[in-house]
Amino acid sequence: MILSEEIKKSLLAAVWFMFLTFPIMVIRVNTVQNIVEWRWKNMLLVGIAGFFGSFLGRSFFRQKEKGEKKADPNTISVAALVQKITGNQRLSRLALAVIAGFVISFPFAFSLYQINIMISALIYVMLGLGLNIVVGLAGLLDLGYVAFYAVGAYAYALLNHHFGIGFWTALPIGAVIGAFFGILLGYPVLRLRGDYLAIVTMGFGEIIRLILENWNAFSRGPSGIAHIPRPALFGWEMSLEMSTKYIYFLMIGMVLFTIFVVNRLQHSRIGRAWIALREDEIACQAMGIDKAKTKLTAFALGATWAGMGGVIFAAKTTFINPASFTIWESVIILCIVVLGGMGSIVGVVSGALVLILLPEYLRAFSEYRMLVFGVILVVMMIFRPGGIIPDVRRTYQFRKEEH
């Protein structure tokens with residue numbers, strides 16, 4: 001009886017999935033010959049995949065609810081594997097050596113296209129770690145994070161265009177301006193939380209984008225700013241390939257610096273205040289923690305990394321315009337934090353690499369790559385709702401000294 005019900009529900013899910021994907025998977029307009037091609041074979045494949053996917057998913061959750069599925073002692077989760085490696089000194093050194101060797105040899109073993117993709121992924125790693133302070137640690141849902149990213153990029157472009165300021169001078173300036181705008185956003189929303197906070201921050205991000213798009217005298221509007229200099233190395237003129245490799249190693253250094261600072265902040269007094277604020281805002285305030293100061297610090301520090309990321313993005317692309325800083329950028333960065341694991345540094349790094357690199361390497365699937373990418377995200381959220389590598393909460397114990 002249960003089996004027949006599951007088959008009926010799976011068939012219904014398959015039919016519904018076939019209906020939703022019909023315009024994409026079945027219909028194709030040939031503009032050269034002005035004909036419509038009907039690919040019924042694709043519809044059949046979608047129906048079969050939808051049926052078996054739904055059936056296996058329902059079976060998995062049914063066994064999980066009943067407790068019939070027992071864990072295999074030989075299997076190990078991603079989070080447990082990471083914890084095992086970091087806990088074992090020999091394995092930790094071996095893993096670090098392998099990763100370091102791959103990172104150093106990457107720009108010399110792969111093409112310029114692959115290096116540029118990796119640079120973009122590393123920029124999003126830094127942005128994800130910055131937003132992780134606001135969302136993952138402090139629990140403040142920020143959908144306007146791209147505004148600080150845009151502020152850093154335009155700060156470098158405009159300062160270089162009007163005053164000739166170079167990259168290394170603009171990098172800390174972008175960080176300071178980003179922190180200033182973080183406080184500017186954080187102060188009016190101190191009493192907001194949840195959906196209301198998300199709506200206000202999203203509006204702030206759109207305000208910044210519209211200002212940059214319409215204030216032609218200041219930002220050149222939709223035309224953007226071109227000929228932004230790449231980072232220099234002691235005034236040495238570099239070719240495009242050498243400059244790309246230089247930016248790659250620069251990003252490796254920035255990511256390591258970001259990981260170090262965020263890790264230290266996470267386990268400091270302010271980090272524990274952020275976590276307390278995330279868990280229970282009222283109890284946090286009752287314990288004597290300054291709620292306003294804690295929120296402003298989270299907004300300012302999170303925006304600092306976005307400002308620096310914007311400066312590096314402008315230097316990498318040598319051209320920026322408001323179209324590069326839409327609401328979807330904020331959504332992607334938020335997805336990196338949620339998919340990787342809120343509050344987890346290793347999780348955010350892995351989430352950024354998956355979300356940015358996977359669509360690029362799925363280009364072989366041509367028109368189906370975004371569909372495949374979406375299915376992977378849905379499956380990930382179903383089977384690992386806590387993220388790829390969820391944060392492991394530290395426990396503190398007081399032990400009485402024996403005399």
# chains A, B, ... in the order shown; residues from 1 in each chain; ligands from 1
>>> residues_around(residues="Phe234 in chain A", least_positions_apart="2", cutoff="12 Å", atoms="only C-alpha atoms", output="list in words")
Gly166, Phe167, Trp168, Pro231, Ala232, Trp236, Glu237 and Met238 of chain A
>>> residues_around(residues="range 208-225 of chain A", least_positions_apart="6", cutoff="10 Å", atoms="only C-alpha atoms", output="JSON, numbers by chain")
{"A": [144, 146, 147, 148, 150, 151, 154, 157, 158, 161, 314, 318, 319, 320, 321, 322, 323, 324, 325, 326, 327]}
>>> write_last_selection(atoms="C-alpha atoms", output="CSV table (one decimal), in the first residue's frame")
chain,number,residue,atom,x,y,z
A,144,GLY,CA,22.3,44.9,0.3
A,146,VAL,CA,26.7,44.4,-3.0
A,147,ALA,CA,26.4,48.1,-2.2
A,148,PHE,CA,29.7,48.0,-0.2
A,150,ALA,CA,30.3,48.7,-5.5
A,151,VAL,CA,31.5,51.5,-3.2
A,154,TYR,CA,34.0,53.0,-7.6
A,157,ALA,CA,38.1,53.9,-10.1
A,158,LEU,CA,37.2,57.5,-9.2
A,161,HIS,CA,40.7,58.8,-12.5
A,314,ALA,CA,38.0,47.0,-10.4
A,318,THR,CA,39.9,47.3,-15.5
A,319,PHE,CA,36.3,48.4,-16.3
A,320,ILE,CA,33.2,48.8,-14.0
A,321,ASN,CA,29.7,49.9,-14.5
A,322,PRO,CA,26.5,49.7,-12.3
A,323,ALA,CA,25.4,46.5,-14.1
A,324,SER,CA,28.1,44.6,-12.3
A,325,PHE,CA,26.5,45.3,-8.9
A,326,THR,CA,22.9,44.2,-9.1
A,327,ILE,CA,20.8,42.6,-6.4
>>> residues_around(residues="Lys9 in chain A", least_positions_apart="5", cutoff="12 Å", atoms="only C-alpha atoms", output="number ranges by chain")
A: 2-4, 14-16, 50-59
>>> write_last_selection(atoms="C-alpha atoms", output="CSV table (one decimal), in the first residue's frame")
chain,number,residue,atom,x,y,z
A,2,ILE,CA,2.8,2.4,0.9
A,3,LEU,CA,4.7,1.4,-2.2
A,4,SER,CA,1.8,2.2,-4.5
A,14,ALA,CA,7.5,13.5,-12.7
A,15,VAL,CA,4.5,14.9,-14.7
A,16,TRP,CA,4.7,18.2,-12.9
A,50,GLY,CA,12.0,13.1,-12.2
A,51,PHE,CA,10.2,9.9,-11.3
A,52,PHE,CA,13.3,8.1,-10.0
A,53,GLY,CA,14.6,11.2,-8.2
A,54,SER,CA,11.3,11.7,-6.4
A,55,PHE,CA,10.9,8.0,-5.6
A,56,LEU,CA,14.5,7.7,-4.2
A,57,GLY,CA,14.1,11.0,-2.2
A,58,ARG,CA,10.8,9.9,-0.7
A,59,SER,CA,12.3,6.5,0.2
>>> residues_around(residues="range 339-344 of chain A", least_positions_apart="6", cutoff="12 Å", atoms="only C-alpha atoms", output="ChimeraX atom specification")
/A:78-79,82,125,128-141,259,262-263,265-267,271-272,274-275,278,331-333,350-355,376-394
>>> select_by_dssp(residues="range 90-327 of chain A", states="strand (DSSP E or B)", output="VMD selection string")
chain A and resid 225 233 236 320
>>> write_last_selection(atoms="C-alpha atoms", output="mmCIF file, in the first residue's frame")
data_model
loop_
_atom_site.group_PDB
_atom_site.id
_atom_site.type_symbol
_atom_site.label_atom_id
_atom_site.label_comp_id
_atom_site.auth_asym_id
_atom_site.auth_seq_id
_atom_site.Cartn_x
_atom_site.Cartn_y
_atom_site.Cartn_z
ATOM 1 C CA ILE A 225 34.641 53.770 -15.983
ATOM 2 C CA LEU A 233 54.760 45.693 -8.547
ATOM 3 C CA TRP A 236 57.379 47.203 -13.050
ATOM 4 C CA ILE A 320 33.234 48.760 -14.015
#
>>> atom_distance(atom1="CA of Gly205 in chain A", atom2="CA of Ala303 in chain A")
12.2 Å
